[in-house]
>>> print(open('my_file.tsv').read())   # TSV, C-alpha atoms
chain	number	residue	atom	x	y	z
M	1	MET	CA	11.04	18.55	13.33
M	2	LYS	CA	12.19	14.99	14.04
M	3	ALA	CA	10.16	12.26	15.69
M	4	ASP	CA	10.21	8.69	16.95
M	5	ILE	CA	7.20	6.39	17.14
M	6	ILE	CA	7.04	3.89	20.01
M	7	SER	CA	4.50	1.06	19.95
M	8	ILE	CA	3.92	-0.82	23.20
M	9	GLY	CA	2.42	-4.28	23.62
M	10	ASP	CA	3.49	-7.90	23.96
M	11	GLU	CA	0.90	-8.78	21.32
M	12	LEU	CA	3.00	-6.91	18.74
M	13	LEU	CA	6.14	-8.88	19.53
M	14	ILE	CA	4.57	-12.33	19.35
M	15	GLY	CA	2.92	-11.65	15.99
M	16	GLN	CA	-0.60	-11.74	17.40
M	17	THR	CA	-1.31	-8.18	16.23
M	18	VAL	CA	0.12	-6.44	13.18
M	19	ASN	CA	1.49	-2.99	14.01
M	20	THR	CA	-0.55	-0.95	11.55
M	21	ASN	CA	-0.60	1.99	13.98
M	22	ALA	CA	3.05	2.85	13.42
M	23	SER	CA	2.80	2.93	9.62
M	24	TRP	CA	-0.35	5.05	9.76
M	25	ILE	CA	1.23	7.53	12.19
M	26	ALA	CA	4.42	7.70	10.10
M	27	LYS	CA	2.38	8.62	7.01
M	28	ALA	CA	0.41	11.26	8.94
M	29	LEU	CA	3.60	12.81	10.30
M	30	ASP	CA	5.31	12.74	6.91
M	31	ASP	CA	2.33	14.53	5.37
M	32	ALA	CA	2.66	17.18	8.10
M	33	GLY	CA	6.35	17.70	7.36
M	34	VAL	CA	7.75	15.75	10.32
M	35	GLU	CA	10.77	13.52	9.72
M	36	VAL	CA	10.37	10.12	11.42
M	37	GLY	CA	13.71	8.71	12.52
M	38	LYS	CA	12.70	5.44	14.18
M	39	ILE	CA	9.75	3.15	14.75
M	40	ILE	CA	10.31	1.19	17.96
M	41	THR	CA	8.25	-1.77	19.14
M	42	ILE	CA	8.56	-2.96	22.74
M	43	GLY	CA	6.66	-5.22	25.09
M	44	ASP	CA	4.79	-4.47	28.30
M	45	ASP	CA	7.97	-4.09	30.31
M	46	VAL	CA	8.49	-1.11	32.64
M	47	LYS	CA	12.26	-0.93	32.20
M	48	GLU	CA	12.11	-1.19	28.40
M	49	ILE	CA	9.35	1.41	28.11
M	50	ARG	CA	11.18	3.84	30.39
M	51	LYS	CA	14.50	3.32	28.59
M	52	SER	CA	13.05	3.70	25.08
M	53	VAL	CA	10.86	6.71	25.86
M	54	LYS	CA	13.67	8.51	27.72
M	55	LYS	CA	16.17	7.91	24.90
M	56	SER	CA	13.77	8.97	22.12
M	57	PHE	CA	12.62	12.07	24.00
M	58	LYS	CA	16.21	13.16	24.51
M	59	LYS	CA	17.06	12.90	20.79
M	60	ASN	CA	13.85	14.15	19.14
M	61	ASP	CA	11.45	17.08	19.04
M	62	LEU	CA	8.45	14.76	19.12
M	63	VAL	CA	7.75	11.25	20.45
M	64	LEU	CA	4.47	9.44	19.84
M	65	VAL	CA	3.68	6.46	22.07
M	66	THR	CA	0.77	4.06	21.54
M	67	GLY	CA	-0.50	1.32	23.84
M	68	GLY	CA	-0.51	0.51	27.54
M	69	LEU	CA	-3.28	2.92	28.58
M	70	GLY	CA	-6.05	0.45	29.38
M	71	PRO	CA	-7.47	-0.33	32.85
M	72	THR	CA	-5.76	-3.70	33.40
M	73	HIS	CA	-2.57	-4.63	35.25
M	74	ASP	CA	-0.47	-4.84	32.08
M	75	ASP	CA	-1.32	-1.28	31.04
M	76	ILE	CA	1.63	0.49	32.62
M	77	THR	CA	2.44	3.43	30.36
M	78	LYS	CA	0.94	6.12	32.63
M	79	ASP	CA	3.04	5.04	35.60
M	80	VAL	CA	6.21	5.08	33.51
M	81	LEU	CA	5.47	8.56	32.17
M	82	CYS	CA	4.77	9.87	35.67
M	83	LYS	CA	8.23	8.75	36.80
M	84	LEU	CA	9.84	10.11	33.66
M	85	PHE	CA	8.31	13.57	34.12
M	86	ASP	CA	8.52	13.54	37.93
M	87	ASP	CA	4.74	13.66	38.08
M	88	ARG	CA	1.81	12.08	39.92
M	89	LEU	CA	-1.61	10.80	38.93
M	90	VAL	CA	-4.63	12.98	39.74
M	91	PHE	CA	-8.35	12.45	39.26
M	92	ASP	CA	-9.77	14.22	36.17
M	93	GLN	CA	-13.52	14.82	36.45
M	94	GLN	CA	-13.96	15.49	32.74
M	95	VAL	CA	-12.30	12.22	31.79
M	96	TYR	CA	-14.47	10.38	34.32
M	97	GLU	CA	-17.64	11.90	32.86
M	98	ASP	CA	-16.49	10.97	29.35
M	99	VAL	CA	-15.95	7.35	30.46
M	100	CYS	CA	-19.38	7.23	32.16
M	101	GLU	CA	-21.13	8.67	29.11
M	102	LEU	CA	-19.46	6.23	26.72
M	103	LEU	CA	-20.22	3.19	28.86
M	104	LYS	CA	-23.81	4.35	29.30
M	105	LYS	CA	-24.25	4.32	25.51
M	106	PHE	CA	-23.42	0.62	25.53
M	107	GLY	CA	-25.56	-0.15	28.56
M	108	ARG	CA	-22.57	-0.85	30.82
M	109	THR	CA	-21.83	0.30	34.35
M	110	VAL	CA	-18.62	1.98	35.43
M	111	SER	CA	-16.32	-0.44	37.28
M	112	ASP	CA	-13.48	0.40	39.64
M	113	LEU	CA	-11.06	-0.44	36.84
M	114	ASN	CA	-12.80	2.03	34.54
M	115	LYS	CA	-12.50	4.70	37.23
M	116	THR	CA	-8.73	4.33	37.20
M	117	GLN	CA	-8.73	5.61	33.63
M	118	ALA	CA	-9.79	9.02	34.96
M	119	MET	CA	-6.47	9.15	36.84
M	120	VAL	CA	-4.06	11.12	34.67
M	121	PRO	CA	-0.64	12.76	35.18
M	122	SER	CA	-1.08	16.27	36.60
M	123	LYS	CA	1.39	17.86	34.15
M	124	CYS	CA	-0.14	16.51	30.95
M	125	ARG	CA	-2.72	18.03	28.66
M	126	VAL	CA	-5.51	15.49	28.26
M	127	ILE	CA	-6.73	14.48	24.81
M	128	ARG	CA	-10.38	13.57	25.25
M	129	ASN	CA	-11.40	10.23	23.77
M	130	ASP	CA	-14.97	10.08	22.43
M	131	ARG	CA	-14.40	6.59	21.01
M	132	GLY	CA	-12.96	4.74	23.99
M	133	THR	CA	-12.30	4.95	27.72
M	134	ALA	CA	-8.57	5.75	27.72
M	135	PRO	CA	-7.67	9.43	27.21
M	136	GLY	CA	-4.57	10.54	25.38
M	137	MET	CA	-1.90	12.70	27.02
M	138	ILE	CA	0.41	15.43	25.77
M	139	PHE	CA	3.55	16.31	27.73
M	140	THR	CA	5.79	19.25	26.90
M	141	ALA	CA	9.25	19.89	28.29
M	142	GLY	CA	12.17	21.92	26.98
M	143	GLY	CA	10.35	22.72	23.76
M	144	LYS	CA	9.77	19.01	23.08
M	145	ILE	CA	6.50	17.09	22.86
M	146	LEU	CA	5.59	13.58	23.99
M	147	VAL	CA	2.17	12.19	23.14
M	148	SER	CA	0.75	9.00	24.64
M	149	MET	CA	-2.31	7.46	23.02
M	150	PRO	CA	-4.37	4.24	23.20
M	151	GLY	CA	-3.31	1.38	20.95
M	152	VAL	CA	-6.83	0.90	19.54
M	153	PRO	CA	-6.42	2.11	15.92
M	154	PHE	CA	-9.64	4.09	15.44
M	155	GLU	CA	-9.18	5.82	18.81
M	156	MET	CA	-5.56	6.69	18.07
M	157	LYS	CA	-6.26	7.96	14.56
M	158	ASN	CA	-8.91	10.36	15.80
M	159	MET	CA	-6.48	11.79	18.37
M	160	VAL	CA	-3.67	12.22	15.85
M	161	THR	CA	-5.96	14.04	13.43
M	162	SER	CA	-7.78	16.24	15.95
M	163	ALA	CA	-5.05	16.99	18.50
M	164	VAL	CA	-1.55	15.83	17.60
M	165	ILE	CA	-1.14	17.25	14.08
M	166	PRO	CA	-2.55	20.68	15.07
M	167	LYS	CA	-0.14	20.73	18.06
M	168	VAL	CA	2.77	19.83	15.80
M	169	LEU	CA	1.92	22.51	13.26
M	170	GLU	CA	1.73	25.11	16.05
M	171	GLN	CA	5.46	24.69	16.60
M	172	ASN	CA	6.24	25.96	13.08
M	173	LEU	CA	9.22	23.60	12.94
M	174	THR	CA	8.06	21.37	10.12
M	175	ILE	CA	9.47	21.32	6.60
M	176	LYS	CA	7.03	20.04	4.02
M	177	LYS	CA	8.12	16.85	2.29
M	178	MET	CA	6.75	15.94	-1.12
M	179	HIS	CA	6.85	12.54	-2.78
M	180	ARG	CA	6.32	11.35	-6.32
M	181	HIS	CA	6.10	7.64	-7.14
M	182	ILE	CA	7.02	6.64	-10.68
M	183	LYS	CA	5.61	3.15	-11.33
M	184	THR	CA	7.30	0.64	-13.60
M	185	PHE	CA	6.59	-2.94	-14.61
M	186	GLY	CA	8.78	-5.68	-16.05
M	187	ILE	CA	12.15	-4.05	-15.39
M	188	ALA	CA	14.42	-5.37	-12.63
M	189	GLU	CA	15.45	-3.06	-9.79
M	190	ALA	CA	19.16	-3.47	-10.61
M	191	ASP	CA	18.55	-2.60	-14.27
M	192	LEU	CA	16.62	0.51	-13.32
M	193	SER	CA	19.36	1.58	-10.95
M	194	GLU	CA	21.97	1.18	-13.66
M	195	LYS	CA	19.90	3.09	-16.21
M	196	LEU	CA	19.30	5.92	-13.77
M	197	LYS	CA	22.87	6.15	-12.51
M	198	PRO	CA	23.53	9.46	-14.33
M	199	VAL	CA	20.44	10.98	-12.67
M	200	ILE	CA	21.25	9.60	-9.23
M	201	GLU	CA	24.80	10.96	-9.32
M	202	LYS	CA	23.56	14.49	-10.05
M	203	LEU	CA	20.54	14.65	-7.73
M	204	PRO	CA	20.24	17.94	-5.81
M	205	SER	CA	21.00	17.55	-2.11
M	206	SER	CA	17.36	18.13	-1.15
M	207	VAL	CA	16.10	15.35	-3.45
M	208	LYS	CA	16.24	11.66	-2.58
M	209	MET	CA	15.54	8.66	-4.81
M	210	ALA	CA	14.53	5.23	-3.56
M	211	PHE	CA	13.60	1.97	-5.29
M	212	LEU	CA	10.62	0.05	-3.87
M	213	PRO	CA	10.42	-3.40	-5.51
M	214	SER	CA	7.61	-5.96	-5.44
M	215	PRO	CA	7.12	-8.95	-7.78
M	216	GLY	CA	7.11	-7.60	-11.33
M	217	HIS	CA	6.92	-3.99	-10.21
M	218	VAL	CA	9.36	-1.33	-9.04
M	219	LYS	CA	8.23	2.03	-7.71
M	220	ILE	CA	10.78	4.81	-7.94
M	221	ARG	CA	10.14	7.29	-5.15
M	222	LEU	CA	11.41	10.83	-5.50
M	223	SER	CA	11.29	12.86	-2.27
M	224	VAL	CA	11.93	16.56	-1.74
M	225	ARG	CA	12.09	18.38	1.60
M	226	ASN	CA	12.03	22.15	1.27
M	227	ARG	CA	10.32	25.08	3.02
M	228	ASP	CA	9.71	26.70	-0.37
M	229	LEU	CA	6.84	24.65	-1.84
M	230	ASP	CA	7.15	26.18	-5.30
M	231	LEU	CA	10.82	25.24	-5.42
M	232	ALA	CA	10.01	21.73	-4.14
M	233	VAL	CA	7.46	21.22	-6.91
M	234	LYS	CA	9.92	22.45	-9.51
M	235	LEU	CA	12.71	20.17	-8.25
M	236	LEU	CA	10.39	17.18	-8.21
M	237	SER	CA	9.09	17.83	-11.72
M	238	THR	CA	12.60	18.28	-13.12
M	239	GLU	CA	13.92	15.00	-11.70
M	240	GLU	CA	10.74	13.13	-12.61
M	241	LYS	CA	11.10	14.15	-16.25
M	242	LYS	CA	14.70	12.90	-16.31
M	243	VAL	CA	13.61	9.50	-14.95
M	244	VAL	CA	10.69	9.12	-17.35
M	245	ASP	CA	12.79	10.16	-20.35
M	246	ILE	CA	15.31	7.40	-19.58
M	247	ILE	CA	12.87	4.58	-18.75
M	248	GLY	CA	10.32	5.45	-21.43
M	249	SER	CA	7.50	2.96	-21.93
M	250	GLY	CA	8.63	1.01	-18.87
M	251	VAL	CA	6.79	3.65	-16.85
M	252	TYR	CA	3.08	2.91	-16.68
M	253	GLY	CA	1.88	5.46	-14.16
M	254	PHE	CA	2.38	7.58	-11.08
M	255	ASP	CA	1.43	7.51	-7.39
M	256	ASP	CA	-1.94	5.68	-7.09
M	257	ASP	CA	-2.18	4.58	-10.73
M	258	SER	CA	-2.67	0.88	-11.45
M	259	LEU	CA	-2.24	-1.07	-14.68
M	260	GLU	CA	-5.99	-1.66	-14.99
M	261	VAL	CA	-6.75	2.04	-14.50
M	262	ILE	CA	-4.20	3.15	-17.11
M	263	ALA	CA	-5.36	0.54	-19.65
M	264	GLY	CA	-8.96	1.59	-18.99
M	265	LYS	CA	-8.16	5.24	-19.62
M	266	LEU	CA	-6.52	4.42	-22.94
M	267	LEU	CA	-9.48	2.32	-24.02
M	268	THR	CA	-11.99	4.99	-22.97
M	269	GLU	CA	-10.14	7.88	-24.60
M	270	ASN	CA	-10.06	6.01	-27.90
M	271	ASN	CA	-13.54	4.48	-27.75
M	272	LEU	CA	-12.21	0.91	-27.82
M	273	THR	CA	-13.54	-2.27	-26.23
M	274	VAL	CA	-11.95	-5.38	-24.74
M	275	SER	CA	-12.91	-8.92	-23.71
M	276	THR	CA	-11.04	-11.76	-22.01
M	277	ALA	CA	-10.68	-15.51	-22.35
M	278	GLU	CA	-9.16	-16.99	-19.22
M	279	SER	CA	-7.91	-20.41	-18.32
M	280	CYS	CA	-5.26	-20.28	-15.57
M	281	THR	CA	-6.36	-16.89	-14.23
M	282	GLY	CA	-9.91	-18.12	-13.77
M	283	GLY	CA	-11.61	-14.72	-13.99
M	284	PHE	CA	-9.04	-12.72	-12.06
M	285	LEU	CA	-8.16	-10.69	-15.15
M	286	ALA	CA	-11.82	-9.82	-15.74
M	287	SER	CA	-12.17	-8.92	-12.07
M	288	ARG	CA	-9.24	-6.50	-12.24
M	289	ILE	CA	-10.55	-4.84	-15.40
M	290	SER	CA	-14.12	-4.53	-14.12
M	291	SER	CA	-13.00	-3.19	-10.72
M	292	VAL	CA	-12.34	0.22	-12.31
M	293	PRO	CA	-15.30	2.63	-12.16
M	294	GLY	CA	-16.65	3.14	-15.66
M	295	ALA	CA	-15.30	-0.18	-16.97
M	296	SER	CA	-18.69	-0.93	-18.54
M	297	ASN	CA	-17.79	1.61	-21.22
M	298	TYR	CA	-15.05	-0.61	-22.60
M	299	PHE	CA	-15.26	-4.10	-21.05
M	300	LYS	CA	-17.78	-6.40	-22.77
M	301	GLY	CA	-17.26	-9.61	-20.80
M	302	SER	CA	-15.20	-12.75	-20.26
M	303	VAL	CA	-15.16	-16.47	-21.00
M	304	ILE	CA	-13.67	-18.63	-18.24
M	305	ALA	CA	-12.39	-21.42	-20.45
M	306	TYR	CA	-10.93	-23.78	-17.88
M	307	SER	CA	-11.81	-26.94	-19.75
M	308	ASN	CA	-10.82	-27.90	-23.28
M	309	GLU	CA	-14.50	-28.36	-24.13
M	310	VAL	CA	-15.22	-24.70	-23.40
M	311	LYS	CA	-12.15	-23.66	-25.38
M	312	GLN	CA	-13.46	-25.62	-28.36
M	313	ASP	CA	-17.19	-24.88	-28.10
M	314	LEU	CA	-17.12	-21.16	-27.25
M	315	LEU	CA	-13.74	-19.97	-28.45
M	316	LYS	CA	-13.42	-22.25	-31.50
M	317	VAL	CA	-10.00	-23.56	-30.50
M	318	SER	CA	-8.88	-26.38	-32.78
M	319	GLN	CA	-9.15	-29.86	-31.28
M	320	ASP	CA	-6.14	-30.91	-33.32
M	321	ASP	CA	-4.04	-28.09	-31.83
M	322	LEU	CA	-5.19	-28.95	-28.32
M	323	GLU	CA	-4.14	-32.55	-28.85
M	324	GLN	CA	-0.86	-31.72	-30.59
M	325	TYR	CA	0.36	-28.73	-28.54
M	326	GLY	CA	-1.69	-28.91	-25.35
M	327	ALA	CA	-3.81	-26.20	-23.72
M	328	VAL	CA	-0.71	-24.39	-22.46
M	329	SER	CA	0.74	-23.35	-25.79
M	330	ASP	CA	1.21	-20.44	-28.13
M	331	GLU	CA	-1.14	-21.95	-30.70
M	332	VAL	CA	-4.02	-22.41	-28.27
M	333	VAL	CA	-3.77	-19.09	-26.39
M	334	CYS	CA	-3.72	-17.17	-29.69
M	335	GLN	CA	-6.90	-18.93	-30.80
M	336	MET	CA	-8.49	-18.12	-27.43
M	337	ALA	CA	-7.74	-14.40	-27.81
M	338	ARG	CA	-9.02	-14.36	-31.37
M	339	GLY	CA	-12.06	-16.42	-30.42
M	340	VAL	CA	-13.24	-14.23	-27.56
M	341	ARG	CA	-12.74	-11.08	-29.62
M	342	GLU	CA	-14.98	-12.50	-32.34
M	343	LEU	CA	-17.49	-13.98	-29.91
M	344	LEU	CA	-18.04	-10.75	-27.97
M	345	HIS	CA	-17.38	-8.36	-30.87
M	346	THR	CA	-14.65	-6.30	-29.22
M	347	ASP	CA	-11.67	-4.39	-30.54
M	348	TYR	CA	-9.26	-6.34	-28.33
M	349	GLY	CA	-9.32	-9.90	-27.06
M	350	LEU	CA	-7.02	-11.01	-24.22
M	351	ALA	CA	-6.24	-14.59	-23.25
M	352	THR	CA	-4.36	-16.58	-20.63
M	353	SER	CA	-3.46	-20.25	-20.43
M	354	GLY	CA	-0.88	-21.77	-18.12
M	355	ILE	CA	0.08	-23.87	-15.13
M	356	ALA	CA	-0.41	-21.76	-12.01
M	357	GLY	CA	0.52	-24.61	-9.65
M	358	PRO	CA	1.22	-26.11	-7.31
M	359	GLU	CA	0.45	-29.22	-9.37
M	360	GLY	CA	0.21	-29.91	-13.10
M	361	GLY	CA	3.77	-29.13	-14.14
M	362	THR	CA	5.90	-31.34	-16.36
M	363	GLU	CA	9.54	-31.35	-17.38
M	364	ASP	CA	8.70	-29.49	-20.61
M	365	LYS	CA	6.10	-27.24	-18.99
M	366	PRO	CA	6.95	-26.69	-15.31
M	367	VAL	CA	4.69	-24.87	-12.88
M	368	GLY	CA	4.72	-21.18	-13.76
M	369	THR	CA	4.70	-21.73	-17.52
M	370	ILE	CA	2.11	-19.27	-18.81
M	371	TRP	CA	1.09	-18.11	-22.27
M	372	ILE	CA	-0.75	-14.82	-22.79
M	373	ALA	CA	-2.10	-13.34	-26.01
M	374	LEU	CA	-3.66	-10.17	-27.40
M	375	ALA	CA	-5.81	-10.09	-30.54
M	376	ASN	CA	-7.00	-7.08	-32.50
M	377	ALA	CA	-7.90	-6.25	-36.10
M	378	SER	CA	-4.23	-6.45	-37.09
M	379	GLY	CA	-3.70	-9.98	-35.82
M	380	VAL	CA	-2.55	-11.76	-32.65
M	381	LYS	CA	0.52	-11.26	-30.47
M	382	SER	CA	1.61	-13.65	-27.75
M	383	LEU	CA	4.11	-13.86	-24.94
M	384	LYS	CA	5.48	-16.76	-22.91
M	385	LEU	CA	6.00	-16.21	-19.18
M	386	ARG	CA	8.09	-18.28	-16.81
M	387	LEU	CA	6.94	-17.55	-13.28
M	388	GLY	CA	8.26	-19.41	-10.27
M	389	PHE	CA	5.97	-18.36	-7.45
M	390	ASN	CA	3.01	-19.81	-5.56
M	391	ARG	CA	-0.38	-20.20	-7.23
M	392	ALA	CA	-1.88	-16.91	-6.04
M	393	LEU	CA	1.16	-14.87	-7.04
M	394	ASN	CA	1.47	-16.63	-10.40
M	395	ILE	CA	-2.16	-15.72	-11.18
M	396	SER	CA	-1.72	-12.13	-10.00
M	397	LEU	CA	1.50	-11.62	-11.97
M	398	THR	CA	-0.01	-13.16	-15.10
M	399	THR	CA	-2.81	-10.62	-14.85
M	400	ASP	CA	-0.28	-7.81	-14.46
M	401	HIS	CA	1.58	-9.00	-17.55
M	402	VAL	CA	-1.61	-9.11	-19.63
M	403	LEU	CA	-2.67	-5.62	-18.54
M	404	ASN	CA	0.80	-4.27	-19.26
M	405	PHE	CA	0.78	-6.06	-22.64
M	406	LEU	CA	-2.50	-4.30	-23.44
M	407	ARG	CA	-1.23	-0.93	-22.17
M	408	LYS	CA	1.91	-1.06	-24.28
M	409	GLU	CA	0.02	-2.21	-27.37
M	410	LEU	CA	-2.50	0.60	-27.00
M	411	THR	CA	0.27	3.15	-26.47
M	412	ILE	CA	2.15	2.01	-29.59
M	413	SER	CA	-0.87	1.62	-31.87
M	414	LEU	CA	-2.39	4.96	-30.84
M	415	ASP	CA	0.77	7.03	-31.26
>>> encode(input="my_file.tsv", output="structure tokens")
Amino acid sequence: MKADIISIGDELLIGQTVNTNASWIAKALDDAGVEVGKIITIGDDVKEIRKSVKKSFKKNDLVLVTGGLGPTHDDITKDVLCKLFDDRLVFDQQVYEDVCELLKKFGRTVSDLNKTQAMVPSKCRVIRNDRGTAPGMIFTAGGKILVSMPGVPFEMKNMVTSAVIPKVLEQNLTIKKMHRHIKTFGIAEADLSEKLKPVIEKLPSSVKMAFLPSPGHVKIRLSVRNRDLDLAVKLLSTEEKKVVDIIGSGVYGFDDDSLEVIAGKLLTENNLTVSTAESCTGGFLASRISSVPGASNYFKGSVIAYSNEVKQDLLKVSQDDLEQYGAVSDEVVCQMARGVRELLHTDYGLATSGIAGPEGGTEDKPVGTIWIALANASGVKSLKLRLGFNRALNISLTTDHVLNFLRKELTISLD
């Protein structure tokens, strides 16, 4: 089954409202085995709505339309659909009673405009709306389905879940699609593509691979569409193993895994503890670590050592080294990691020191120069980062690098 999603509203085209409806619907349809071909956004224009709906309905088994069902003059979707299906508006008593009951809950009276929402196309099947005043509508013609729903997200979502997906599944035309996301960090998209070229060239026709990059990260999505679920699972597992075998330790997790979750699991499984000493990240690293349920089992605490005084007094960083090398240096960040490990009596100490920006950079140490370090019983390891982003992204990426540094160290030392 193939589908288009059409979102209606001038507010979407001028950037006033972000179109989260379309992405949510696309995910719901994909989970149900429906293949989404297009997501179309149009304004409150009769000609454009009619043209887009007519074209999508002609080419697809299913069309989902959101927006334009309110009581005001710019809500014109019902009129367009009536013309498209050679239909007329009729009064629906049940819809009217639903509107009255909802407004009564909020202590409001029913206006003439609200009454117009009980006028629905005679050929549609009404989707009752217990969360708003505009009902949804399902049209069927020639074995195809068109659904029109309000643009209010929580009203639309309820309709999709309770009415649309069951209607779609009734058709028995869907082919289940399965996805697996292999998550990597620190490897460029182009490098991954080159490494995986032998796998890509021999992918079965029912399997697709896509690269989804974001700063520092690349998700490799494997997708399989097959009516035989057992075969789909087998195909997905086979290709996943090939990818992981090639990339190795560059893979840190799958699907919803995060670096902090994976590092936390490794610490928990091996009864190890960690602490942090943070300068440029200002507590963001500690926040990420402690955001994981159960982090109290392995995370002892953090020292936010923004000033040199705190670095010296709490972390025992050498004043001579601070003066000679500066706070943003290998020498200082290593002492910070060692110092916090000793101060809080943990197995691992992590540290960050750098210039997140936008100010503070020099010719020798431009904005984005970051040092990170990891200390354990065996000694201290450090890494210099050169990040060229804005302050927030530099801080976030530094945290990612530290967590990945810890993950890889734990993986190696525990093998």
>>> closest_atom_pairs(input="my_file.tsv", of="range 79-117 of chain M", to="range 143-156 of chain M", cutoff="12 Å", atoms="all atoms listed in the file", output="CSV")
residue,atom,partner,partner_atom,distance
M:Asp79,CA,M:Ser148,CA,11.9
M:Val80,CA,M:Ser148,CA,11.1
M:Leu81,CA,M:Ser148,CA,8.9
M:Cys82,CA,M:Ser148,CA,11.8
M:Leu84,CA,M:Leu146,CA,11.1
M:Phe85,CA,M:Leu146,CA,10.5
M:Gln117,CA,M:Pro150,CA,11.4
>>> closest_atom_pairs(input="my_file.tsv", of="range 25-124 of chain M", to="range 208-229 of chain M", cutoff="12 Å", atoms="only C-alpha atoms", output="tab-separated table")
residue	atom	partner	partner_atom	distance
M:Asp30	CA	M:Arg225	CA	10.3
M:Asp31	CA	M:Arg225	CA	11.1
M:Ala32	CA	M:Arg225	CA	11.5
M:Gly33	CA	M:Arg225	CA	8.2
M:Val34	CA	M:Arg225	CA	10.1
M:Glu35	CA	M:Arg225	CA	9.6
>>> atom_distance(input="my_file.tsv", atom1="CA of Met119 in chain M", atom2="CA of Leu103 in chain M")
17.0 Å
>>> closest_residue(input="my_file.tsv", among="M:Lys115, M:Ala232, M:Leu322, M:Val402", to="Met178 in chain M", atoms="only C-alpha atoms")
M:Ala232
>>> closest_residue(input="my_file.tsv", among="M:Leu272, M:Val317, M:Met336, M:Ile182", to="Lys241 in chain M", atoms="all atoms listed in the file")
M:Ile182
>>> residues_around(input="my_file.tsv", residues="range 342-349 of chain M", least_positions_apart="6", cutoff="7 Å", atoms="all atoms listed in the file", output="PyMOL selection string")
chain M and resi 272-276+300+374-377
>>> write_last_selection(input="my_file.tsv", atoms="C-alpha atoms", output="compact mmCIF listing (two decimals), in the coordinates of the input")
# COMPACT_ATOMS: atom_id res chain seq x y z
CA LEU M 272 -12.21 0.91 -27.82
CA THR M 273 -13.54 -2.27 -26.23
CA VAL M 274 -11.95 -5.38 -24.74
CA SER M 275 -12.91 -8.92 -23.71
CA THR M 276 -11.04 -11.76 -22.01
CA LYS M 300 -17.78 -6.40 -22.77
CA LEU M 374 -3.66 -10.17 -27.40
CA ALA M 375 -5.81 -10.09 -30.54
CA ASN M 376 -7.00 -7.08 -32.50
CA ALA M 377 -7.90 -6.25 -36.10
>>> closest_residue(input="my_file.tsv", among="M:Leu350, M:Lys197, M:Val63, M:Val328", to="Thr362 in chain M", atoms="only C-alpha atoms")
M:Val328
>>> atom_distance(input="my_file.tsv", atom1="CA of Lys195 in chain M", atom2="CA of Val207 in chain M")
18.1 Å
>>> atom_distance(input="my_file.tsv", atom1="CA of Ala277 in chain M", atom2="CA of Ser296 in chain M")
17.1 Å
>>> closest_residue(input="my_file.tsv", among="M:Leu266, M:Leu387, M:Arg341, M:Lys311", to="Leu410 in chain M", atoms="all atoms listed in the file")
M:Leu266
>>> residues_around(input="my_file.tsv", residues="Asp255 in chain M", least_positions_apart="6", cutoff="8 Å", atoms="all atoms listed in the file", output="ChimeraX atom specification")
/M:180-183
>>> build_atoms(input="my_file.tsv", residues="range 95-105 of chain M", atoms="N, CA and C atoms", output="mmCIF file, in the frame of the given file")
data_model
loop_
_atom_site.group_PDB
_atom_site.id
_atom_site.type_symbol
_atom_site.label_atom_id
_atom_site.label_comp_id
_atom_site.auth_asym_id
_atom_site.auth_seq_id
_atom_site.Cartn_x
_atom_site.Cartn_y
_atom_site.Cartn_z
ATOM 1 N N VAL M 95 -12.580 13.547 32.334
ATOM 2 C CA VAL M 95 -12.300 12.220 31.790
ATOM 3 C C VAL M 95 -13.282 11.204 32.369
ATOM 4 N N TYR M 96 -13.538 11.302 33.664
ATOM 5 C CA TYR M 96 -14.470 10.380 34.320
ATOM 6 C C TYR M 96 -15.867 10.483 33.705
ATOM 7 N N GLU M 97 -16.309 11.712 33.462
ATOM 8 C CA GLU M 97 -17.640 11.900 32.860
ATOM 9 C C GLU M 97 -17.669 11.350 31.439
ATOM 10 N N ASP M 98 -16.560 11.520 30.711
ATOM 11 C CA ASP M 98 -16.490 10.970 29.350
ATOM 12 C C ASP M 98 -16.600 9.444 29.375
ATOM 13 N N VAL M 99 -15.907 8.804 30.324
ATOM 14 C CA VAL M 99 -15.950 7.350 30.460
ATOM 15 C C VAL M 99 -17.374 6.900 30.795
ATOM 16 N N CYS M 100 -18.006 7.582 31.748
ATOM 17 C CA CYS M 100 -19.380 7.230 32.160
ATOM 18 C C CYS M 100 -20.354 7.347 30.994
ATOM 19 N N GLU M 101 -20.222 8.437 30.227
ATOM 20 C CA GLU M 101 -21.130 8.670 29.110
ATOM 21 C C GLU M 101 -20.962 7.605 28.027
ATOM 22 N N LEU M 102 -19.713 7.250 27.746
ATOM 23 C CA LEU M 102 -19.460 6.230 26.720
ATOM 24 C C LEU M 102 -20.013 4.886 27.138
ATOM 25 N N LEU M 103 -19.745 4.488 28.388
ATOM 26 C CA LEU M 103 -20.220 3.190 28.860
ATOM 27 C C LEU M 103 -21.749 3.151 28.925
ATOM 28 N N LYS M 104 -22.348 4.274 29.235
ATOM 29 C CA LYS M 104 -23.810 4.350 29.300
ATOM 30 C C LYS M 104 -24.424 4.072 27.932
ATOM 31 N N LYS M 105 -23.759 4.552 26.868
ATOM 32 C CA LYS M 105 -24.250 4.320 25.510
ATOM 33 C C LYS M 105 -24.350 2.832 25.195
#
